[in-house]
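A.B. asks: Quick one: the structure is below, questions incoming.
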Protein chains: 4
Amino acid sequence: MGVPRWPRKNDAESIRARQEALGLDGEVTRVDLEPFSRAQEMLTGVAVIPVSVVGPLDIDLGRYELREPDGAVVETGRGREDVFVPLAHTEGGLSASLYRGARAVAESGGFRTIVLADRITRASCFVCGSAEDSLTLARWLEGELGTMRTWLEEQDDPSLSRFARLREVKTHVVGPMCHVLWRWTTGDAVGANMMTRNSYVLNMGFVMERSPVRPERAILEANMGGDKKPSFEYFQGGHGKTVIAEATLSEEAVRRVLRTSVDDLLELAWAGTHGAVASGMQSVAFTPASAIAAIFAATGQDLGMVGTSSMAHGTGRRVAGGLNVSIRLPGLEVATVGGGTTLPYARTWLELLGCRGPGKVYRFAQIAAAATLALEISASAAMATAGSAEFFRAHHERGGLR
Amino acid sequence: MGVPRWPRKNDAESIRARQEALGLDGEVTRVDLEPFSRAQEMLTGVAVIPVSVVGPLDIDLGRYELREPDGAVVETGRGREDVFVPLAHTEGGLSASLYRGARAVAESGGFRTIVLADRITRASCFVCGSAEDSLTLARWLEGELGTMRTWLEEQDDPSLSRFARLREVKTHVVGPMCHVLWRWTTGDAVGANMMTRNSYVLNMGFVMERSPVRPERAILEANMGGDKKPSFEYFQGGHGKTVIAEATLSEEAVRRVLRTSVDDLLELAWAGTHGAVASGMQSVAFTPASAIAAIFAATGQDLGMVGTSSMAHGTGRRVAGGLNVSIRLPGLEVATVGGGTTLPYARTWLELLGCRGPGKVYRFAQIAAAATLALEISASAAMATAGSAEFFRAHHERGGLR
Amino acid sequence: MGVPRWPRKNDAESIRARQEALGLDGEVTRVDLEPFSRAQEMLTGVAVIPVSVVGPLDIDLGRYELREPDGAVVETGRGREDVFVPLAHTEGGLSASLYRGARAVAESGGFRTIVLADRITRASCFVCGSAEDSLTLARWLEGELGTMRTWLEEQDDPSLSRFARLREVKTHVVGPMCHVLWRWTTGDAVGANMMTRNSYVLNMGFVMERSPVRPERAILEANMGGDKKPSFEYFQGGHGKTVIAEATLSEEAVRRVLRTSVDDLLELAWAGTHGAVASGMQSVAFTPASAIAAIFAATGQDLGMVGTSSMAHGTGRRVAGGLNVSIRLPGLEVATVGGGTTLPYARTWLELLGCRGPGKVYRFAQIAAAATLALEISASAAMATAGSAEFFRAHHERGGLR
Amino acid sequence: MGVPRWPRKNDAESIRARQEALGLDGEVTRVDLEPFSRAQEMLTGVAVIPVSVVGPLDIDLGRYELREPDGAVVETGRGREDVFVPLAHTEGGLSASLYRGARAVAESGGFRTIVLADRITRASCFVCGSAEDSLTLARWLEGELGTMRTWLEEQDDPSLSRFARLREVKTHVVGPMCHVLWRWTTGDAVGANMMTRNSYVLNMGFVMERSPVRPERAILEANMGGDKKPSFEYFQGGHGKTVIAEATLSEEAVRRVLRTSVDDLLELAWAGTHGAVASGMQSVAFTPASAIAAIFAATGQDLGMVGTSSMAHGTGRRVAGGLNVSIRLPGLEVATVGGGTTLPYARTWLELLGCRGPGKVYRFAQIAAAATLALEISASAAMATAGSAEFFRAHHERGGLR
């Protein structure tokens, strides 16, 4: 049982003790760790990921604010901008491909992005003695939204966050379990911790005290919340920011920049959508996670949220003059304040995007969506072409596919 | 359309041109970019993520090799080791929590990890004129596995990879689409590019030339391959390395280290599993992506694969003397050679793990799985406790949940 | 091209012409077809399915009414009854097993059933020129619920049904598609046709006329409505009647009637839930479709709705004195008026249940749920026992499993 | 505890006792019950469902046999026939619609149907003490297929079925659970009972006796078998017969018989496929369950299998001269012997189809698939048209939608 303890603190001595114990004295320990000392426990060194900058992306961005008290996202204006996007990754071809997609769109009139919704959910579960009791609890809770909002505002529990605002309550009764989906907005932060603390206080201080039935147990989260795990609930309903990016590619841009045709892209979309269905894939898209991960890594987002943030539903449809393409990202869990966004490097890249600090999160979400669509377009074009005889001949003449 | 071109090369001058155009002159450009100059296009700066090192994890690791020619993973030995794990992230509490889980397991006899399978799939689609034709193609392909292996070996196309070896062919006919799942092993690399090149040559040089029916179109990938997008196909069947980590927690460790009880953990597992079902979540687990992302970011793995690599199926079951817990990670897309693993920083962290270079990928996959389970255990314990009255009182005395 | 026409009418002469053309003159044509002559085209004979009657089921049934205008289901009373259930099927053992389950519950205090919700959805799709337009349409529609209700009431289009009342509108924008989920209640009928007609008039007479953008196309149903096809949308949210049945089995009844133990049942539930997850099964249950199909076939329900109506989420949990078991049937598409319920035979079996005619549909849904749970209990018990050594010995002594 | 027993036998006296107790003396008791007396317990009366006969369906049917010992389905010939299909249901319009679809196909050259596979699975679960043990069991089992086949043949346990032949063994390890998918062919019966008995004997007599590790528990079925519950496992891999039906509709037939256009049908398919994805629907199709249920009810199939048997993946694609349409039914659980197929009425309708008795099951499966496609075509055409302005005008002139 005598397992020795590993030093946990981040004072200079503890850091050095860990580095020495592990024999680390080279590059990974050379960067000044002080600015990171509160970001995590047992800090020991750094990882460095190269960052490309790709652009410009020509985007018609919306401006949004939340309506009180329901938390609907309301558009207050729009404006067109050229944006340069930092991408932290080590995948050869990714930056060039995203750039190609951006060029094709720029030549076709630009991206348009829209924020549909903003909501993040902590899903607690109250285990009761019977389905009857859990339903009684559910029906009561559904009527208490206003009261709970007021109650939360009146508490002076320092653990409560004022930024996390309760917007909706959804219940789901399965046998003796009353799952309760607390739906919040959390300002410019992702807000996972905020809503966790607020949900906890709500569970213990309000629900367990006032419920018309006595739950046997309150579980803070029982997997209906979707944290870092893709689920249908949030593929459809959204987690974080729900954003659509779209563009209408001209036939000219498809041919000259993307080196394919509208027909080929549509045939690929058709086969790819049916392939997704046949393999039990929730998303329909090509490689959204590549773009999302690269933007997240550059800007201090939570990399554990790459999977959920890259849930995607893409479409392509022939319209007059070309091809309308779009991507719906229902669960973009992004922040411009808090967490890794405040740290060196990350904050510089956010600043490059014009997305550092409060009031910037909808802008950031839209840029991420446009960049993701840019990569989708170019990757699809490469795939659509790669089966053609001409492509194969060119490939063999060049001595292989690069 | 006069869209200006952004310099794409990575010579010193182009890099500087980009940095100046963007007004970047601070921290993000201070790290020497030269070692990264072939990792991606339009290189401009770096992102830095702090790394903690957590351990020791006491793991009984298997040693494995591939059986020829079917590519089954065969265990050749086992050995118990103490391992320290680097975690690149900025989530307060994550490292400490993973450490707590590791301690609880160490006090209970350690982790055991097993590699079940190794397979990566590129899923091409041949679009035929009818379902009849696509079925003819499918039946023919299923009989050509041996011939195709030989054919691949005999080609001297320099684009072909010798590391990617064709192991299985699975066809799936839907109407005029004949989806073909080419299943490869790719040695110690993830192998996405390898298998792409080999599949391409196979499609164009073998299938399109010899098929008993004439496909109208060959699509290199039509979404049955599961690249970077979670799907049922690979949640069950595996993508990359399929690994299980397990441990049997003693009641003592549960009580003293995790500060909860076997009953509470089982009740949480029960509610959490039903919550996952109720929300259409494919995985059943708590927060595997947090551990996976942190290990991936430290060791130069592809962060776009965080979502697929963190597909997980966890279990908990009371056994004599405690609680058996396990996690199945079907799609760990990890490498110890190639891609980002060869770059500075990443290679150091891989070396710390004893996982740098050839012959190390099964070891690495197992350590990743054990670390993921460590975090699952501790995060579950926190969740299981968080609804108790004692926890709430303690919380209020301390002035809030930290 | 000269394909001959098959007579379509149901006058006596046409019926006889078909029977003679097919050489049918035996049992299938002996039942008087006149009462069925308006049920379908090209009527030619009958199918006969044997019906068992199983009971009594001891059920504590709720009484419900719809609240105006939101269509919430409100409980107005409860009462305990003994009910006999007709089951049309040919599966040996099914009736006896359901009966055994009912006995175990009766000895344990009876079933309790609860209606949670009542809603049926027709999901139209308006295809616009862009995502921007489809979102404009969506936002406008969400504000028009009250206006649309009034408009529907004011129309004197004879195709409109007064029984179908619009309760909610949910929009889902994916690229240029604006899916609109029209959510109705339809009284004691399933209401598929009613809501189809009303949705059609709403689409063409209201939306296409007044929309702030001009949709290119209105599609009456584009698969978000869930008709006869299980989907996560309705597994969670409900289609038709959402009902829970539960019971708390005494240890005595588990042992003596079901011949198993609470431990064995819980172990089975644990493995079965994980098995469902591992096979990508949406429902978690054993054999709900067997009970649903048998009740539907006896009572004139739409057999094409067996799949959706048997979506189920079952639970089992140890409680003081025994085992709480429950089943949640989210999509019971049942009727006590209209369709096949008005025909001979069916109406007799509905009458036996006390469920013929208006005002009976919630009662019927609850009885169906209780019967389904009865079968789940008994089938689970058989499965839980079937792996034991004693069972195997008994089996061999008897000369095999019957 | 004094719950009275309900008579369970099917002798004339018991039947009459039940009828009298329930006050049943009319139509439901008038049909002679004797032929049904062994079909189920507690027989009390009958249900009667009207049957239409629709046709001819012009189908190019394959002839198939199973290859030994792997159980692959091999085509031995083809032939074109006109078939009349019995449909038991009460849904106005269904028969006429299916007829219209059949006419459109007949005018376009007929249906072609193909049987892809034949397999039915019972999925047992061996619960071990650890994942390590369950994996040891899995690896051992995978090598025992030949031995198990021989062992089964050598047993003289009368409970074993000779018709159920073991074809494949697939294992799936999740923690201490070793799920084992026993894959059988069962001749012309669905074979649920056969394979249950054989799997049971295999579990208890072979696995539990010889396993290199000692499982704590053998569970005969733990939900990976897919019985009567749709799952991804069988949506992709098949349960029962996997069949594709296809047709290439001429533009003329689309216009004149279906009164729509290829463009409209493709636009509908596009929106419907995306709608299915957006609602978490596994199948992509319109209303396959309507056709499946009607054929099943007429021919004595198990109505509890309507949901699984109507899992479907439909496609539409423009080809030279028209529209290629197809439907893949992966899990057609049909029989021409055993169960309800031997009973009066059912056997007559099977005979009409030329599908009564041994050697007919692949024929029957193909006819069911063609009929399902006929309905899909016509229902899609109605849907594709229903949003048009002309349709709306015609509708209003006629005074509403019928």
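Identifiers for the structure tokens are assigned positionally: chains receive A, B, ... in sequence, residues are indexed from 1 per chain, and ligands are indexed from 1 in the order shown.
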As a list of chain:residue names, please: the residues near range 82-87 of chain B (cut-off 8 Å, only C-alpha atoms, same-chain neighbours under 2 positions excluded).

C.D. replies: B:Val51, B:Ser52, B:Val53, B:Val54, B:Gly55, B:Pro56, B:Leu57, B:Asp58, B:Ile59, B:Arg80, B:His89, B:Ser95, B:Ala291, B:Ala294, B:Ile295, B:Ala297, B:Ala298, B:Trp349, B:Leu352, B:Leu353, B:Ile367, B:Ala371

A.B. asks: Would you write out those residues with C-alpha atoms, as a PDB file, in the first residue's frame?

C.D. replies:
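Wrote part25.pdb, looks like this:
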ATOM      1  CA  VAL B  51       2.038  19.958 -19.730  1.00  0.00           C
ATOM      2  CA  SER B  52       1.662  18.254 -16.401  1.00  0.00           C
ATOM      3  CA  VAL B  53       3.173  14.900 -15.674  1.00  0.00           C
ATOM      4  CA  VAL B  54       1.086  12.555 -13.566  1.00  0.00           C
ATOM      5  CA  GLY B  55       2.090   9.264 -12.086  1.00  0.00           C
ATOM      6  CA  PRO B  56       3.089   6.720 -11.394  1.00  0.00           C
ATOM      7  CA  LEU B  57       0.420   4.625 -13.065  1.00  0.00           C
ATOM      8  CA  ASP B  58       0.948   1.029 -12.078  1.00  0.00           C
ATOM      9  CA  ILE B  59       0.070  -0.926 -15.244  1.00  0.00           C
ATOM     10  CA  ARG B  80       4.130  -4.606 -14.816  1.00  0.00           C
ATOM     11  CA  HIS B  89      -4.257  20.894 -21.282  1.00  0.00           C
ATOM     12  CA  SER B  95      -4.399  16.315 -13.609  1.00  0.00           C
ATOM     13  CA  ALA B 291      -7.688  12.359 -20.973  1.00  0.00           C
ATOM     14  CA  ALA B 294      -4.409  15.824 -23.082  1.00  0.00           C
ATOM     15  CA  ILE B 295      -2.258  12.843 -24.042  1.00  0.00           C
ATOM     16  CA  ALA B 297      -1.704  17.195 -27.425  1.00  0.00           C
ATOM     17  CA  ALA B 298       1.443  16.313 -25.486  1.00  0.00           C
ATOM     18  CA  TRP B 349       7.050  13.373 -24.149  1.00  0.00           C
ATOM     19  CA  LEU B 352       9.250   9.906 -21.270  1.00  0.00           C
ATOM     20  CA  LEU B 353       6.580   7.271 -21.842  1.00  0.00           C
ATOM     21  CA  ILE B 367      -0.938   3.612 -21.454  1.00  0.00           C
ATOM     22  CA  ALA B 371      -4.763   6.959 -18.040  1.00  0.00           C
TER      23      ALA B 371
END

A.B. asks: Wanna dump the chain B-chain C contacts at 7 Å for me, each residue with its shortest atom pair and the distance in Å to one decimal, counting only C-alpha atoms, ordered by chain and number, as CSV?

C.D. replies:
residue,atom,partner,partner_atom,distance
B:Phe232,CA,C:Gly280,CA,6.7
B:Gln236,CA,C:Ala278,CA,6.5
B:Ala278,CA,C:Gln236,CA,6.5
B:Gly280,CA,C:Phe232,CA,6.7

A.B. asks: Leaving out range 135-139 of chain B and any residue of its chain fewer than 4 positions from it, which residues lie within 8 Å of it when counting only C-alpha atoms, given as an MDAnalysis selection string?

C.D. replies: chainID B and resid 131 143 171:173 178 180 211:213

A.B. asks: Quick one: residues within 9 Å of Leu249 in chain C, only C-alpha atoms, excluding same-chain residues fewer than 2 positions away - as a list in words?

C.D. replies: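 The contact residues come out as Ala104, Val105, Ala106, Glu107, Ser108, Gly109, Gly110, Ala247, Glu251, Glu252, Ala253, Val254, Val262, Gly321, Gly322, Leu323, Asn324 and Val325 of chain C.
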
A.B. asks: Neighbouring residues of range 216-226 of chain A were defined as those with any atom within 9 Å, considering only C-alpha atoms; residues of the same chain fewer than 2 positions away were excluded. Please report them as an NGL selection string.

C.D. replies: (:A and (120-129 or 179-182 or 196 or 199-200 or 203-204 or 208 or 214 or 228-231 or 233-234 or 239 or 308)) or (:B and (268-281 or 284-286 or 383-388))

A.B. asks: Could you please take those selected residues and save N, CA and C atoms as a compact mmCIF listing (two decimals), in the first residue's frame?

C.D. replies:
# COMPACT_ATOMS: atom_id res chain seq x y z
N ILE A 120 -26.08 25.79 -23.09
CA ILE A 120 -25.25 24.70 -22.60
C ILE A 120 -25.97 24.04 -21.43
N THR A 121 -25.85 22.72 -21.38
CA THR A 121 -26.72 21.94 -20.51
C THR A 121 -25.95 21.12 -19.49
N ARG A 122 -26.36 21.20 -18.26
CA ARG A 122 -25.92 20.25 -17.24
C ARG A 122 -27.14 19.41 -16.91
N ALA A 123 -27.01 18.09 -17.02
CA ALA A 123 -28.17 17.22 -16.87
C ALA A 123 -28.04 16.41 -15.59
N SER A 124 -28.73 16.85 -14.57
CA SER A 124 -28.73 16.13 -13.30
C SER A 124 -29.78 15.04 -13.32
N CYS A 125 -29.68 14.15 -12.36
CA CYS A 125 -30.65 13.06 -12.28
C CYS A 125 -31.05 12.86 -10.83
N PHE A 126 -32.35 12.92 -10.59
CA PHE A 126 -32.88 12.66 -9.27
C PHE A 126 -33.47 11.26 -9.26
N VAL A 127 -32.87 10.40 -8.47
CA VAL A 127 -33.37 9.03 -8.40
C VAL A 127 -34.42 8.96 -7.31
N CYS A 128 -35.63 8.56 -7.71
CA CYS A 128 -36.75 8.50 -6.77
C CYS A 128 -37.08 7.04 -6.49
N GLY A 129 -38.10 6.82 -5.70
CA GLY A 129 -38.48 5.46 -5.35
C GLY A 129 -39.31 4.78 -6.43
N HIS A 179 -34.43 12.67 -14.96
CA HIS A 179 -33.33 13.45 -15.50
C HIS A 179 -33.82 14.89 -15.70
N VAL A 180 -32.99 15.84 -15.34
CA VAL A 180 -33.36 17.25 -15.48
C VAL A 180 -32.26 17.96 -16.25
N LEU A 181 -32.64 18.45 -17.41
CA LEU A 181 -31.66 19.14 -18.26
C LEU A 181 -31.73 20.64 -17.96
N TRP A 182 -30.77 21.11 -17.18
CA TRP A 182 -30.69 22.53 -16.86
C TRP A 182 -29.99 23.22 -18.03
N THR A 196 -21.93 23.96 -13.76
CA THR A 196 -21.84 22.86 -12.81
C THR A 196 -22.10 23.35 -11.39
N SER A 199 -25.76 24.48 -11.09
CA SER A 199 -26.68 23.34 -11.09
C SER A 199 -26.61 22.63 -9.75
N TYR A 200 -25.40 22.53 -9.22
CA TYR A 200 -25.24 21.84 -7.94
C TYR A 200 -26.02 22.54 -6.84
N ASN A 203 -29.69 22.00 -7.36
CA ASN A 203 -30.10 20.65 -6.97
C ASN A 203 -30.25 20.52 -5.45
N MET A 204 -29.19 20.95 -4.75
CA MET A 204 -29.15 20.67 -3.33
C MET A 204 -29.93 21.70 -2.52
N MET A 208 -33.80 19.60 -3.74
CA MET A 208 -33.86 18.61 -2.66
C MET A 208 -34.59 19.18 -1.43
N ARG A 214 -39.59 13.14 -2.16
CA ARG A 214 -38.23 13.11 -1.63
C ARG A 214 -37.35 12.22 -2.50
N LYS A 228 -18.55 16.49 -23.71
CA LYS A 228 -17.41 15.88 -24.40
C LYS A 228 -17.73 14.53 -25.02
N LYS A 229 -18.99 14.19 -25.10
CA LYS A 229 -19.38 12.94 -25.76
C LYS A 229 -20.49 13.27 -26.75
N PRO A 230 -20.28 13.01 -28.02
CA PRO A 230 -21.33 13.30 -29.01
C PRO A 230 -22.61 12.51 -28.70
N SER A 231 -23.72 13.13 -28.91
CA SER A 231 -25.00 12.43 -28.69
C SER A 231 -26.03 13.03 -29.62
N GLU A 233 -28.98 13.97 -28.80
CA GLU A 233 -29.61 15.10 -28.12
C GLU A 233 -29.00 16.43 -28.56
N TYR A 234 -27.68 16.49 -28.63
CA TYR A 234 -27.03 17.76 -28.93
C TYR A 234 -26.63 17.89 -30.39
N HIS A 239 -25.31 22.35 -28.29
CA HIS A 239 -24.54 22.47 -27.04
C HIS A 239 -23.53 23.56 -27.31
N THR A 308 -17.29 16.79 -29.71
CA THR A 308 -18.64 17.34 -29.69
C THR A 308 -18.74 18.59 -30.56
N LEU B 268 -24.45 5.42 -9.66
CA LEU B 268 -24.11 6.41 -10.69
C LEU B 268 -23.97 5.74 -12.06
N ALA B 269 -23.30 4.60 -12.10
CA ALA B 269 -23.12 3.90 -13.38
C ALA B 269 -24.46 3.52 -13.97
N TRP B 270 -25.38 3.12 -13.11
CA TRP B 270 -26.72 2.73 -13.58
C TRP B 270 -27.46 3.92 -14.17
N ALA B 271 -27.48 5.02 -13.44
CA ALA B 271 -28.18 6.21 -13.94
C ALA B 271 -27.47 6.77 -15.17
N GLY B 272 -26.15 6.72 -15.16
CA GLY B 272 -25.39 7.27 -16.28
C GLY B 272 -25.56 6.46 -17.54
N THR B 273 -25.66 5.16 -17.42
CA THR B 273 -25.87 4.33 -18.59
C THR B 273 -27.25 4.60 -19.18
N HIS B 274 -28.25 4.68 -18.32
CA HIS B 274 -29.59 4.97 -18.83
C HIS B 274 -29.68 6.40 -19.37
N GLY B 275 -28.93 7.31 -18.77
CA GLY B 275 -28.90 8.68 -19.30
C GLY B 275 -28.29 8.71 -20.70
N ALA B 276 -27.23 7.94 -20.89
CA ALA B 276 -26.61 7.87 -22.22
C ALA B 276 -27.61 7.34 -23.24
N VAL B 277 -28.32 6.29 -22.89
CA VAL B 277 -29.33 5.74 -23.78
C VAL B 277 -30.41 6.79 -24.09
N ALA B 278 -30.84 7.48 -23.05
CA ALA B 278 -31.93 8.45 -23.22
C ALA B 278 -31.52 9.64 -24.06
N SER B 279 -30.24 9.92 -24.13
CA SER B 279 -29.82 11.10 -24.91
C SER B 279 -29.20 10.70 -26.24
N GLY B 280 -29.30 9.43 -26.61
CA GLY B 280 -28.78 9.01 -27.90
C GLY B 280 -27.27 9.13 -27.99
N MET B 281 -26.61 8.86 -26.88
CA MET B 281 -25.16 8.92 -26.84
C MET B 281 -24.64 7.53 -27.20
N VAL B 284 -20.72 5.04 -23.63
CA VAL B 284 -21.14 5.07 -22.24
C VAL B 284 -19.87 5.26 -21.42
N ALA B 285 -19.69 6.47 -20.91
CA ALA B 285 -18.47 6.79 -20.18
C ALA B 285 -18.66 8.17 -19.58
N PHE B 286 -17.69 8.64 -18.78
CA PHE B 286 -17.86 9.97 -18.22
C PHE B 286 -17.11 11.06 -18.96
N MET B 383 -18.53 12.65 -8.98
CA MET B 383 -19.94 12.77 -9.36
C MET B 383 -20.83 11.96 -8.41
N ALA B 384 -20.36 10.80 -8.03
CA ALA B 384 -21.16 9.94 -7.16
C ALA B 384 -21.35 10.56 -5.79
N THR B 385 -20.34 11.31 -5.38
CA THR B 385 -20.39 11.92 -4.05
C THR B 385 -21.16 13.22 -4.05
N ALA B 386 -21.18 13.89 -5.19
CA ALA B 386 -21.60 15.28 -5.24
C ALA B 386 -23.07 15.49 -4.92
N GLY B 387 -23.83 14.43 -4.82
CA GLY B 387 -25.23 14.62 -4.48
C GLY B 387 -25.52 14.35 -3.00
N SER B 388 -24.51 14.03 -2.26
CA SER B 388 -24.80 13.64 -0.87
C SER B 388 -24.94 14.85 0.03

A.B. asks: Just want the 6 Å neighbourhood of Arg78 in chain C, counted on only C-alpha atoms, with same-chain residues fewer than 3 positions away dropped. Output as a PyMOL selection string.

C.D. replies: chain C and resi 61-63

A.B. asks: Please, which residues of range 102-330 of chain D, numbered as in this document, come out strand (DSSP E or B) from DSSP, as number ranges by chain?

C.D. replies: D: 111-127, 165-174, 177-185, 217-219, 231, 240-250, 281, 284, 313-319, 322-330

A.B. asks: Go through C:Gly79, C:Gly175, C:Gly101, C:Gly92 one by one, measure the shortest atom-to-atom distance of each to Thr113 in chain C using only C-alpha atoms, and give the residue with the smallest value.

C.D. replies: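 Once distances to Thr113 in chain C are computed over only C-alpha atoms, the minimum belongs to C:Gly79.
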
A.B. asks: DSSP says helix (DSSP H, G or I) for which residues of range 57-149 of chain A? Put them as an mmCIF file with C-alpha atoms, in the first residue's frame?

C.D. replies:
data_model
loop_
_atom_site.group_PDB
_atom_site.id
_atom_site.type_symbol
_atom_site.label_atom_id
_atom_site.label_comp_id
_atom_site.auth_asym_id
_atom_site.auth_seq_id
_atom_site.Cartn_x
_atom_site.Cartn_y
_atom_site.Cartn_z
ATOM 1 C CA LEU A 94 -4.586 20.819 -44.249
ATOM 2 C CA SER A 95 -3.684 24.497 -44.310
ATOM 3 C CA ALA A 96 -3.251 24.533 -48.053
ATOM 4 C CA SER A 97 -6.556 22.784 -48.534
ATOM 5 C CA LEU A 98 -8.447 25.121 -46.237
ATOM 6 C CA TYR A 99 -6.866 28.010 -48.101
ATOM 7 C CA ARG A 100 -8.021 26.641 -51.418
ATOM 8 C CA GLY A 101 -11.566 26.321 -50.110
ATOM 9 C CA ALA A 102 -11.455 29.893 -48.850
ATOM 10 C CA ARG A 103 -10.268 31.106 -52.239
ATOM 11 C CA ALA A 104 -13.042 29.312 -54.047
ATOM 12 C CA VAL A 105 -15.588 30.923 -51.753
ATOM 13 C CA ALA A 106 -13.991 34.352 -51.979
ATOM 14 C CA ALA A 131 -41.628 6.352 -11.790
ATOM 15 C CA GLU A 132 -44.684 7.893 -10.216
ATOM 16 C CA ASP A 133 -42.533 9.960 -7.884
ATOM 17 C CA SER A 134 -40.072 10.938 -10.550
ATOM 18 C CA LEU A 135 -42.926 12.147 -12.723
ATOM 19 C CA THR A 136 -44.356 14.176 -9.867
ATOM 20 C CA LEU A 137 -40.968 15.790 -9.478
ATOM 21 C CA ALA A 138 -40.716 16.437 -13.225
ATOM 22 C CA ARG A 139 -44.092 18.132 -13.440
ATOM 23 C CA TRP A 140 -43.353 20.293 -10.459
ATOM 24 C CA LEU A 141 -39.958 21.332 -11.821
ATOM 25 C CA GLU A 142 -41.390 22.358 -15.146
ATOM 26 C CA LEU A 145 -38.508 27.966 -13.888
ATOM 27 C CA GLY A 146 -39.336 31.534 -12.906
ATOM 28 C CA THR A 147 -39.035 30.787 -9.207
ATOM 29 C CA MET A 148 -35.689 29.106 -9.683
ATOM 30 C CA ARG A 149 -34.313 32.031 -11.648
#

A.B. asks: Quick one: pull the distance between CA of Arg210 in chain C and CA of Thr242 in chain A, Å, one decimal.

C.D. replies: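 These two atoms are separated by 27.0 Å.
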
A.B. asks: List as a PyMOL selection string the protein and nucleic acid residues near Ala88 in chain C, meaning an atom at most 12 Å away when only C-alpha atoms are counted, but skip any in the same chain fewer than 6 places from it.

C.D. replies: (chain C and resi 47-54+94-95+290-301+303+345-346+349) or (chain D and resi 28+36+39-49+297+300+302-304+340)

A.B. asks: Any idea what the distance is between CA of Gly26 in chain C and CA of Trp6 in chain C?

C.D. replies: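 Taking CA of Gly26 in chain C and CA of Trp6 in chain C, their separation equals 21.3 Å.
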
A.B. asks: Quote the spacing between CA of Asp11 in chain B and CA of Pro344 in chain B in Å to one decimal place.

C.D. replies: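 The value is 18.9 Å.
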